$ cat query_14.cif   # mmCIF, C-alpha atoms
data_model
#
loop_
_atom_site.label_atom_id
_atom_site.label_comp_id
_atom_site.auth_asym_id
_atom_site.auth_seq_id
_atom_site.Cartn_x
_atom_site.Cartn_y
_atom_site.Cartn_z
CA MET A 257 85.72 22.10 15.38
CA ASN A 258 87.99 24.63 13.70
CA THR A 259 86.18 26.06 10.66
CA LYS A 260 89.32 25.89 8.54
CA LEU A 261 89.64 22.14 9.18
CA GLN A 262 86.00 21.72 8.26
CA ALA A 263 86.29 23.72 5.06
CA LEU A 264 89.65 22.37 3.92
CA TYR A 265 89.02 18.69 4.57
CA SER A 266 85.19 18.44 4.59
CA LEU A 267 85.21 16.94 8.08
CA LYS A 268 82.10 16.60 10.22
CA PHE A 269 84.30 16.64 13.33
CA ASN A 270 87.95 16.31 14.24
CA PRO A 271 88.41 12.51 14.32
CA PHE A 272 91.51 12.70 16.52
CA ARG A 273 90.18 14.64 19.50
CA PRO A 274 88.74 13.12 22.71
CA ASP A 275 85.31 14.65 22.08
CA VAL A 276 84.53 12.49 19.05
CA PRO A 277 80.74 11.83 18.99
CA VAL A 278 79.87 8.61 20.81
CA GLU A 279 78.20 7.15 17.73
CA ALA A 280 81.48 7.57 15.81
CA LEU A 281 83.73 5.82 18.32
CA TYR A 282 85.60 2.73 17.23
CA THR A 283 84.43 -0.43 19.02
CA THR A 284 86.48 -3.61 19.04
CA PRO A 285 84.71 -6.99 19.16
CA THR A 286 86.00 -7.51 22.72
CA VAL A 287 84.54 -4.23 23.94
CA ASP A 288 81.26 -4.82 22.11
CA ALA A 289 80.87 -8.25 23.72
CA PHE A 290 81.52 -6.73 27.15
CA LEU A 291 78.92 -4.02 26.59
CA ARG A 292 76.32 -6.64 25.68
CA ARG A 293 77.10 -8.64 28.83
CA VAL A 294 76.61 -5.58 31.00
CA GLU A 295 73.32 -4.72 29.27
CA LEU A 296 72.03 -8.24 29.89
CA GLY A 297 72.79 -7.95 33.60
CA ILE A 298 71.35 -4.49 34.16
CA ALA A 299 68.17 -5.90 35.72
CA ASP A 300 70.14 -7.60 38.52
CA GLY A 301 72.65 -4.88 39.36
CA GLY A 302 76.09 -5.62 40.80
CA TYR A 303 79.60 -4.47 40.04
CA VAL A 304 81.38 -3.95 36.73
CA MET A 305 85.05 -3.09 36.24
CA ILE A 306 87.04 -1.68 33.30
CA THR A 307 90.81 -1.57 33.68
CA GLY A 308 93.80 -0.78 31.49
CA ASP A 309 96.87 1.39 31.14
CA PRO A 310 96.45 5.01 29.99
CA GLY A 311 95.63 5.18 26.28
CA THR A 312 94.32 1.62 25.93
CA GLY A 313 90.69 2.67 25.52
CA LYS A 314 89.11 2.91 29.00
CA SER A 315 87.49 6.27 28.36
CA VAL A 316 86.08 5.09 25.02
CA ALA A 317 84.68 1.91 26.58
CA LEU A 318 83.19 3.93 29.43
CA ARG A 319 81.58 6.44 27.06
CA LEU A 320 80.11 3.64 24.96
CA LEU A 321 78.79 1.83 28.04
CA THR A 322 77.27 4.97 29.54
CA GLN A 323 75.58 5.82 26.23
CA ARG A 324 74.19 2.32 25.77
CA LEU A 325 72.87 2.03 29.31
CA GLY A 326 71.43 5.54 29.23
CA ALA A 327 69.55 4.67 26.05
CA LEU A 328 67.77 1.77 27.74
CA ARG A 329 64.24 2.41 28.85
CA ASP A 330 63.92 3.67 32.46
CA VAL A 331 67.64 3.29 33.21
CA VAL A 332 69.10 6.20 35.20
CA VAL A 333 72.87 6.74 34.93
CA GLY A 334 74.82 8.89 37.38
CA THR A 335 78.53 9.66 37.04
CA VAL A 336 80.74 10.51 40.00
CA GLU A 337 82.76 13.62 39.13
CA HIS A 338 85.07 13.61 42.17
CA PRO A 339 86.16 10.09 43.13
CA GLN A 340 88.63 11.43 45.73
CA SER A 341 85.79 12.71 47.95
CA ARG A 342 85.57 11.83 51.59
CA THR A 343 82.54 9.84 52.72
CA MET A 344 80.30 12.80 53.59
CA ASP A 345 81.02 14.57 50.29
CA PHE A 346 80.46 11.27 48.47
CA TYR A 347 76.99 11.06 50.02
CA ARG A 348 76.28 14.63 48.94
CA GLU A 349 77.27 13.81 45.38
CA LEU A 350 75.05 10.69 45.37
CA GLY A 351 72.17 12.76 46.67
CA ASP A 352 72.69 15.29 43.89
CA LEU A 353 72.94 12.56 41.22
CA PHE A 354 69.77 10.75 42.26
CA GLY A 355 67.67 13.67 43.45
CA VAL A 356 67.77 12.89 47.17
CA PRO A 357 68.02 15.84 49.61
CA PHE A 358 70.94 15.26 51.95
CA GLN A 359 71.59 16.85 55.34
CA SER A 360 75.26 16.78 56.26
CA HIS A 361 74.57 16.17 59.94
CA ASN A 362 72.43 13.09 59.24
CA ARG A 363 74.31 10.45 57.24
CA TRP A 364 71.96 7.72 58.44
CA GLY A 365 69.05 9.69 57.01
CA GLY A 366 70.87 9.99 53.69
CA PHE A 367 71.63 6.27 53.74
CA LYS A 368 67.95 5.41 54.18
CA ALA A 369 66.74 8.02 51.68
CA LEU A 370 69.08 6.80 48.90
CA ARG A 371 68.15 3.15 49.43
CA SER A 372 64.46 4.07 49.46
CA ARG A 373 64.84 6.03 46.19
CA TRP A 374 66.63 3.11 44.53
CA ASN A 375 64.10 0.59 45.86
CA ASP A 376 61.22 2.65 44.47
CA HIS A 377 62.97 2.91 41.11
CA ILE A 378 63.48 -0.86 40.95
CA ALA A 379 59.89 -1.57 41.93
CA THR A 380 58.57 0.81 39.27
CA THR A 381 60.92 0.03 36.35
CA LEU A 382 62.44 -3.40 37.16
CA THR A 383 65.88 -1.93 36.35
CA ARG A 384 68.76 -0.85 38.59
CA PRO A 385 70.09 2.68 38.64
CA VAL A 386 73.68 2.90 37.36
CA LEU A 387 76.55 4.60 39.16
CA VAL A 388 79.74 5.22 37.14
CA VAL A 389 83.02 5.91 38.94
CA ASP A 390 85.87 6.84 36.59
CA GLU A 391 89.45 7.00 37.93
CA ALA A 392 88.18 4.69 40.67
CA GLN A 393 91.73 3.92 41.83
CA GLU A 394 91.66 7.39 43.41
CA ALA A 395 88.64 6.64 45.65
CA LEU A 396 89.17 6.30 49.39
CA GLY A 397 88.87 2.85 50.91
CA SER A 398 86.19 4.13 53.28
CA VAL A 399 84.10 5.28 50.30
CA PHE A 400 84.40 1.87 48.60
CA THR A 401 83.29 0.17 51.81
CA GLU A 402 80.39 2.57 52.32
CA LEU A 403 79.21 2.05 48.74
CA ARG A 404 79.30 -1.74 49.12
CA VAL A 405 77.09 -1.58 52.22
CA LEU A 406 74.85 1.13 50.77
CA ALA A 407 74.10 -0.79 47.57
CA SER A 408 73.47 -4.15 49.24
CA LYS A 409 70.15 -5.32 50.70
CA ASP A 410 68.56 -8.40 52.27
CA LEU A 411 71.79 -9.82 53.70
CA ASP A 412 73.66 -9.18 50.46
CA THR A 413 71.21 -11.15 48.31
CA ARG A 414 70.02 -8.08 46.38
CA GLN A 415 71.93 -5.27 44.72
CA LEU A 416 70.25 -1.87 44.49
CA LEU A 417 72.72 -0.46 41.96
CA THR A 418 74.80 -1.34 38.97
CA CYS A 419 78.21 0.12 39.88
CA VAL A 420 80.76 0.64 37.12
CA PHE A 421 84.37 1.17 38.18
CA ALA A 422 87.04 2.26 35.69
CA GLY A 423 90.72 2.67 36.46
CA ASP A 424 94.28 1.58 35.87
CA ALA A 425 96.22 -1.34 37.35
CA ARG A 426 96.20 0.30 40.78
CA LEU A 427 92.46 -0.36 41.00
CA ILE A 428 93.01 -4.10 40.57
CA GLU A 429 95.64 -4.12 43.30
CA ARG A 430 93.51 -2.08 45.67
CA LEU A 431 90.54 -4.42 45.32
CA ARG A 432 92.83 -7.33 46.23
CA SER A 433 93.74 -5.76 49.56
CA PRO A 434 92.22 -7.35 52.69
CA ASP A 435 90.06 -4.30 53.45
CA LEU A 436 88.54 -4.16 49.96
CA LEU A 437 88.48 -7.84 49.08
CA PRO A 438 84.77 -8.08 50.06
CA LEU A 439 84.08 -5.58 47.26
CA GLY A 440 86.63 -6.98 44.80
CA SER A 441 85.15 -10.46 45.09
CA ARG A 442 81.76 -9.10 44.00
CA ILE A 443 82.87 -7.85 40.56
CA ARG A 444 80.63 -9.66 38.05
CA ARG A 445 81.76 -8.25 34.72
CA ARG A 446 85.35 -7.38 33.88
CA LEU A 447 87.00 -5.77 30.88
CA ALA A 448 90.80 -5.77 30.97
CA LEU A 449 92.13 -3.64 28.13
CA ASP A 450 95.59 -4.24 26.67
CA TYR A 451 97.72 -2.43 24.13
CA ALA A 452 96.25 -2.56 20.63
CA SER A 453 97.65 -4.55 17.75
CA ARG A 454 98.81 -2.83 14.57
CA ASP A 455 95.68 -4.06 12.76
CA GLU A 456 93.45 -2.66 15.51
CA LEU A 457 95.14 0.73 15.28
CA LEU A 458 94.72 0.78 11.50
CA ALA A 459 91.07 -0.28 11.82
CA CYS A 460 90.52 2.54 14.33
CA LEU A 461 92.00 5.12 11.96
CA ASP A 462 89.93 3.88 9.02
CA HIS A 463 86.76 3.89 11.10
CA LEU A 464 87.26 7.42 12.45
CA LEU A 465 88.13 8.90 9.05
CA GLU A 466 85.09 7.26 7.49
CA ALA A 467 82.82 8.49 10.29
CA ALA A 468 84.27 12.02 10.04
CA GLY A 469 83.44 12.13 6.34
CA ASN A 470 86.87 12.00 4.67
CA PRO A 471 88.27 8.44 4.43
CA SER A 472 91.03 9.60 2.06
CA LEU A 473 92.38 12.28 4.41
CA MET A 474 95.53 10.17 4.97
CA THR A 475 97.59 8.09 2.62
CA THR A 476 97.80 4.36 3.25
CA GLU A 477 101.53 4.70 3.92
CA LEU A 478 100.98 7.36 6.57
CA LYS A 479 98.39 5.24 8.37
CA ALA A 480 100.86 2.37 8.50
CA THR A 481 103.61 4.65 9.79
CA LEU A 482 101.38 6.06 12.53
CA ALA A 483 100.32 2.58 13.59
CA ASP A 484 103.95 1.46 13.73
CA HIS A 485 104.98 4.38 15.95
CA ALA A 486 101.99 4.46 18.32
CA ALA A 487 103.32 1.58 20.46
CA GLY A 488 99.87 0.01 20.63
CA ASN A 489 98.45 3.09 22.35
CA TYR A 490 95.29 4.69 20.95
CA ARG A 491 95.98 7.99 22.69
CA VAL A 492 99.46 8.25 21.21
CA LEU A 493 98.00 7.43 17.80
CA MET A 494 95.38 10.17 18.08
CA ASN A 495 97.88 12.75 19.35
CA LEU A 496 100.27 12.08 16.46
CA ALA A 497 97.45 12.28 13.92
CA ASP A 498 96.02 15.45 15.47
CA GLU A 499 99.40 17.18 15.33
CA LEU A 500 99.76 16.28 11.64
CA LEU A 501 96.24 17.49 10.87
CA THR A 502 96.89 20.85 12.55
CA ILE A 503 100.16 21.37 10.66
CA ALA A 504 98.61 20.28 7.35
CA ALA A 505 95.77 22.76 7.80
CA ASP A 506 98.21 25.55 8.63
CA ARG A 507 100.06 24.83 5.37
CA ASP A 508 96.86 24.33 3.35
CA LEU A 509 97.96 20.83 2.36
CA PRO A 510 95.25 18.85 0.55
CA ARG A 511 96.16 15.54 2.19
CA LEU A 512 98.25 14.10 5.01
CA ASP A 513 101.14 11.93 3.84
CA GLU A 514 104.35 10.30 5.05
CA LYS A 515 106.49 13.23 3.95
CA LEU A 516 104.63 15.44 6.42
CA TYR A 517 105.20 12.85 9.14
CA LEU A 518 108.96 12.77 8.48
CA GLU A 519 109.19 16.55 8.54
CA THR A 520 107.16 16.82 11.75
CA PHE A 521 108.48 13.89 13.73
CA SER A 522 112.00 13.48 12.38
CA HIS A 523 113.23 13.08 15.96
CA LEU A 524 111.19 9.86 16.22
CA VAL A 525 112.53 8.31 13.03
CA PRO A 526 116.02 6.68 12.91
CA LYS A 527 118.29 8.69 10.62
CA LYS A 528 118.99 5.81 8.24
CA ALA A 529 115.30 5.03 7.86
CA ALA A 530 114.44 8.66 7.26
CA SER A 531 117.14 8.99 4.58
CA ALA A 532 115.94 5.82 2.81
CA LYS A 533 112.37 7.06 2.74
CA ARG A 534 113.32 10.46 1.31
CA ARG A 535 115.09 8.73 -1.60
#

$ encode --input "query_14.cif" --output "structure tokens"
Amino acid sequence: MNTKLQALYSLKFNPFRPDVPVEALYTTPTVDAFLRRVELGIADGGYVMITGDPGTGKSVALRLLTQRLGALRDVVVGTVEHPQSRTMDFYRELGDLFGVPFQSHNRWGGFKALRSRWNDHIATTLTRPVLVVDEAQEALGSVFTELRVLASKDLDTRQLLTCVFAGDARLIERLRSPDLLPLGSRIRRRLALDYASRDELLACLDHLLEAAGNPSLMTTELKATLADHAAGNYRVLMNLADELLTIAADRDLPRLDEKLYLETFSHLVPKKAASAKRR
């Protein structure tokens, strides 16, 4: 974090940036209940899906889930970094994630080696390895199909992995297609995120400021104004707040208030409303 921000506002971290520490993230009751359901099913494996429009909290939910599962005893979590990979590259990435040597000319050998590694892990720990695929709507249909076959055993009565898919509405539509319906019908846990209410946005701001170490950084009026103009979108809320924080630090302002908002985002405020507030 910028040292000036830290010194001027006594912040432990910038509460409006994407790299907020996991332990400081705001968790709604809906997300918390979903996380608990996934934890309870980790011993059986299967498929989990998080969906929502950009800015509705998918990345936060995914970070929280990955952290919680990774903290469980003997649970191994691997995250796919390139969901657009073709099948052979997807196998290489799985081999790298789970420590299985993979020869590009022998996909069958990689198939057997991965399943053997996962079987051994289950037999030793009684937990399933976890595979996280963010931006899953970008994955090729052939990769989805390969993963479904790869992670299934004993005529589809056992799952060797817990697979977590995260994506936007396109992921839902893709898993309804005839080719991918066999996978879509196997989703056990779902979290469908919607736009946040005004109260949820305000609660998020209060939580982040408290966690960052300066709950009085913003006036109550400014928090309300930000919540009203964020259109239910957490990302928009954070971007607006981050812009104000940067400008306030540049001007050495002791606190962020509504006057700063009006000066910075006057193009977003109707002229009549802006004039009334200045009076």

$ resolve_selection --input "query_14.cif" --expression "the PyMOL selection byres ((chain A and resi 506-520) around 6)" --output "ChimeraX atom specification"
/A:473-475,478,503-505,521-522

$ resolve_selection --input "query_14.cif" --expression "the PyMOL selection byres ((chain A and resi 312-319) around 8)" --output "list of chain:residue names"
A:Val278, A:Leu281, A:Thr283, A:Val287, A:Ile306, A:Thr307, A:Gly308, A:Asp309, A:Pro310, A:Gly311, A:Leu320, A:Leu321, A:Thr322, A:Gln323, A:Ala422, A:Gly423, A:Leu449, A:Asp450, A:Tyr451, A:Ala452, A:Gly488, A:Asn489, A:Tyr490, A:Arg491

$ resolve_selection --input "query_14.cif" --expression "the PyMOL selection byres ((chain A and resi 334-345) around 7)" --output "ChimeraX atom specification"
/A:332-333,346-349,353,360,386-389,391-392,394-396,398-399

$ write_last_selection --input "query_14.cif" --atoms "C-alpha atoms" --output "PDB file, keeping the file's coordinate frame"
ATOM      1  CA  VAL A 332      69.100   6.200  35.200  1.00  0.00           C
ATOM      2  CA  VAL A 333      72.870   6.740  34.930  1.00  0.00           C
ATOM      3  CA  PHE A 346      80.460  11.270  48.470  1.00  0.00           C
ATOM      4  CA  TYR A 347      76.990  11.060  50.020  1.00  0.00           C
ATOM      5  CA  ARG A 348      76.280  14.630  48.940  1.00  0.00           C
ATOM      6  CA  GLU A 349      77.270  13.810  45.380  1.00  0.00           C
ATOM      7  CA  LEU A 353      72.940  12.560  41.220  1.00  0.00           C
ATOM      8  CA  SER A 360      75.260  16.780  56.260  1.00  0.00           C
ATOM      9  CA  VAL A 386      73.680   2.900  37.360  1.00  0.00           C
ATOM     10  CA  LEU A 387      76.550   4.600  39.160  1.00  0.00           C
ATOM     11  CA  VAL A 388      79.740   5.220  37.140  1.00  0.00           C
ATOM     12  CA  VAL A 389      83.020   5.910  38.940  1.00  0.00           C
ATOM     13  CA  GLU A 391      89.450   7.000  37.930  1.00  0.00           C
ATOM     14  CA  ALA A 392      88.180   4.690  40.670  1.00  0.00           C
ATOM     15  CA  GLU A 394      91.660   7.390  43.410  1.00  0.00           C
ATOM     16  CA  ALA A 395      88.640   6.640  45.650  1.00  0.00           C
ATOM     17  CA  LEU A 396      89.170   6.300  49.390  1.00  0.00           C
ATOM     18  CA  SER A 398      86.190   4.130  53.280  1.00  0.00           C
ATOM     19  CA  VAL A 399      84.100   5.280  50.300  1.00  0.00           C
TER      20      VAL A 399
END

$ closest_residue --input "query_14.cif" --among "A:Arg414, A:Arg446, A:His377, A:His485" --to "Ile428 (chain A)" --atoms "all atoms listed in the file"
A:Arg446

$ closest_residue --input "query_14.cif" --among "A:Thr481, A:Ser441, A:Ser408, A:Thr502" --to "Arg371 (chain A)" --atoms "only C-alpha atoms"
A:Ser408

$ closest_residue --input "query_14.cif" --among "A:Leu291, A:Val331, A:Ala483, A:Leu447" --to "Thr418 (chain A)" --atoms "all atoms listed in the file"
A:Val331

$ build_atoms --input "query_14.cif" --residues "region 313-325 of chain A" --atoms "N, CA and C atoms" --output "short mmCIF file (atom, residue, chain, number, x, y, z; two decimals), in the frame of the given file"
data_model
loop_
_atom_site.label_atom_id
_atom_site.label_comp_id
_atom_site.auth_asym_id
_atom_site.auth_seq_id
_atom_site.Cartn_x
_atom_site.Cartn_y
_atom_site.Cartn_z
N GLY A 313 92.09 2.62 25.92
CA GLY A 313 90.69 2.67 25.52
C GLY A 313 89.67 2.65 26.64
N LYS A 314 90.08 2.91 27.90
CA LYS A 314 89.11 2.91 29.00
C LYS A 314 88.03 3.97 28.82
N SER A 315 88.46 5.18 28.49
CA SER A 315 87.49 6.27 28.36
C SER A 315 86.49 6.00 27.25
N VAL A 316 86.98 5.43 26.14
CA VAL A 316 86.08 5.09 25.02
C VAL A 316 85.08 4.03 25.45
N ALA A 317 85.57 2.98 26.11
CA ALA A 317 84.68 1.91 26.58
C ALA A 317 83.65 2.45 27.57
N LEU A 318 84.09 3.36 28.43
CA LEU A 318 83.19 3.93 29.43
C LEU A 318 82.13 4.82 28.77
N ARG A 319 82.54 5.61 27.78
CA ARG A 319 81.58 6.44 27.06
C ARG A 319 80.55 5.58 26.32
N LEU A 320 81.01 4.53 25.68
CA LEU A 320 80.11 3.64 24.96
C LEU A 320 79.13 2.96 25.92
N LEU A 321 79.65 2.50 27.06
CA LEU A 321 78.79 1.83 28.04
C LEU A 321 77.76 2.79 28.62
N THR A 322 78.19 3.99 28.98
CA THR A 322 77.27 4.97 29.54
C THR A 322 76.17 5.34 28.54
N GLN A 323 76.58 5.48 27.26
CA GLN A 323 75.58 5.82 26.23
C GLN A 323 74.59 4.69 26.03
N ARG A 324 75.07 3.46 25.99
CA ARG A 324 74.19 2.32 25.77
C ARG A 324 73.22 2.13 26.93
N LEU A 325 73.74 2.22 28.15
CA LEU A 325 72.87 2.03 29.31
C LEU A 325 71.87 3.17 29.43
#
